Amino acid sequence: MESIKERVEKALEKIRPYLVADGGDIAMVDITDDMVVKVELKGACNGCPFSVQTLKAGVETAVKQEVPEIKEVVDVNS
């Protein structure tokens, strides 16, 4: 059986091409004990005015669909 970390990574892999297409990328930093995924937005995504929207509407939604146990996805740089 896959770990939560493996399942989150799989979800991130599904959305990574969309971020890369815009000159960005994403990396998982940590999953806290209270099921918050910490990610780092990279490249064009880091500091982009739309990064919060991308994180919540795109990344968080995709991760929660694959891993319903996850409560939230946050950017370590914000």
# chains A, B, ... in the order shown; residues from 1 in each chain; ligands from 1

call {"tool": "residues_around", "arguments": {"residues": "region 63-72 of chain A", "least_positions_apart": "2", "cutoff": "12 Å", "atoms": "only C-alpha atoms", "output": "ChimeraX atom specification"}}
result
/A:2-16,28,31-39,55-61,74-75

call {"tool": "select_by_dssp", "arguments": {"residues": "chain A", "states": "helix (DSSP H, G or I)", "output": "ChimeraX atom specification"}}
result
/A:4-21,51-66

call {"tool": "atom_distance", "arguments": {"atom1": "CA of Val20 (chain A)", "atom2": "CA of Asn46 (chain A)"}}
result
12.1 Å

call {"tool": "residues_around", "arguments": {"residues": "Gly43 (chain A)", "least_positions_apart": "5", "cutoff": "7 Å", "atoms": "only C-alpha atoms", "output": "list of chain:residue names"}}
result
A:Gly23, A:Gly24, A:Asp25

call {"tool": "closest_residue", "arguments": {"among": "A:Met1, A:Ser78, A:Lys42, A:Ala62", "to": "Leu19 (chain A)", "atoms": "only C-alpha atoms"}}
result
A:Lys42

call {"tool": "decode", "arguments": {"residues": "region 16-27 of chain A", "atoms": "N, CA and C atoms", "output": "PDB file, in the first residue's frame"}}
result
ATOM      1  N   ARG A  16       2.133  19.045 -12.120  1.00  0.00           N
ATOM      2  CA  ARG A  16       3.439  19.650 -12.427  1.00  0.00           C
ATOM      3  C   ARG A  16       3.550  20.147 -13.871  1.00  0.00           C
ATOM      4  N   PRO A  17       3.070  19.400 -14.888  1.00  0.00           N
ATOM      5  CA  PRO A  17       3.199  19.888 -16.273  1.00  0.00           C
ATOM      6  C   PRO A  17       2.553  21.254 -16.502  1.00  0.00           C
ATOM      7  N   TYR A  18       1.469  21.538 -15.804  1.00  0.00           N
ATOM      8  CA  TYR A  18       0.797  22.834 -15.953  1.00  0.00           C
ATOM      9  C   TYR A  18       1.658  23.958 -15.377  1.00  0.00           C
ATOM     10  N   LEU A  19       2.318  23.673 -14.263  1.00  0.00           N
ATOM     11  CA  LEU A  19       3.192  24.674 -13.647  1.00  0.00           C
ATOM     12  C   LEU A  19       4.451  24.883 -14.503  1.00  0.00           C
ATOM     13  N   VAL A  20       5.013  23.790 -14.994  1.00  0.00           N
ATOM     14  CA  VAL A  20       6.219  23.868 -15.829  1.00  0.00           C
ATOM     15  C   VAL A  20       5.920  24.635 -17.118  1.00  0.00           C
ATOM     16  N   ALA A  21       4.715  24.447 -17.668  1.00  0.00           N
ATOM     17  CA  ALA A  21       4.335  25.144 -18.903  1.00  0.00           C
ATOM     18  C   ALA A  21       4.368  26.659 -18.716  1.00  0.00           C
ATOM     19  N   ASP A  22       4.154  27.117 -17.481  1.00  0.00           N
ATOM     20  CA  ASP A  22       4.185  28.546 -17.176  1.00  0.00           C
ATOM     21  C   ASP A  22       5.531  28.980 -16.604  1.00  0.00           C
ATOM     22  N   GLY A  23       6.535  28.120 -16.684  1.00  0.00           N
ATOM     23  CA  GLY A  23       7.872  28.472 -16.217  1.00  0.00           C
ATOM     24  C   GLY A  23       8.098  28.240 -14.734  1.00  0.00           C
ATOM     25  N   GLY A  24       7.221  27.467 -14.105  1.00  0.00           N
ATOM     26  CA  GLY A  24       7.357  27.212 -12.677  1.00  0.00           C
ATOM     27  C   GLY A  24       7.537  25.740 -12.376  1.00  0.00           C
ATOM     28  N   ASP A  25       7.493  25.432 -11.092  1.00  0.00           N
ATOM     29  CA  ASP A  25       7.580  24.050 -10.641  1.00  0.00           C
ATOM     30  C   ASP A  25       7.131  24.016  -9.185  1.00  0.00           C
ATOM     31  N   ILE A  26       7.032  22.808  -8.644  1.00  0.00           N
ATOM     32  CA  ILE A  26       6.611  22.642  -7.255  1.00  0.00           C
ATOM     33  C   ILE A  26       7.386  21.487  -6.648  1.00  0.00           C
ATOM     34  N   ALA A  27       7.706  21.601  -5.366  1.00  0.00           N
ATOM     35  CA  ALA A  27       8.379  20.523  -4.647  1.00  0.00           C
ATOM     36  C   ALA A  27       7.719  20.353  -3.287  1.00  0.00           C
TER      37      ALA A  27
END
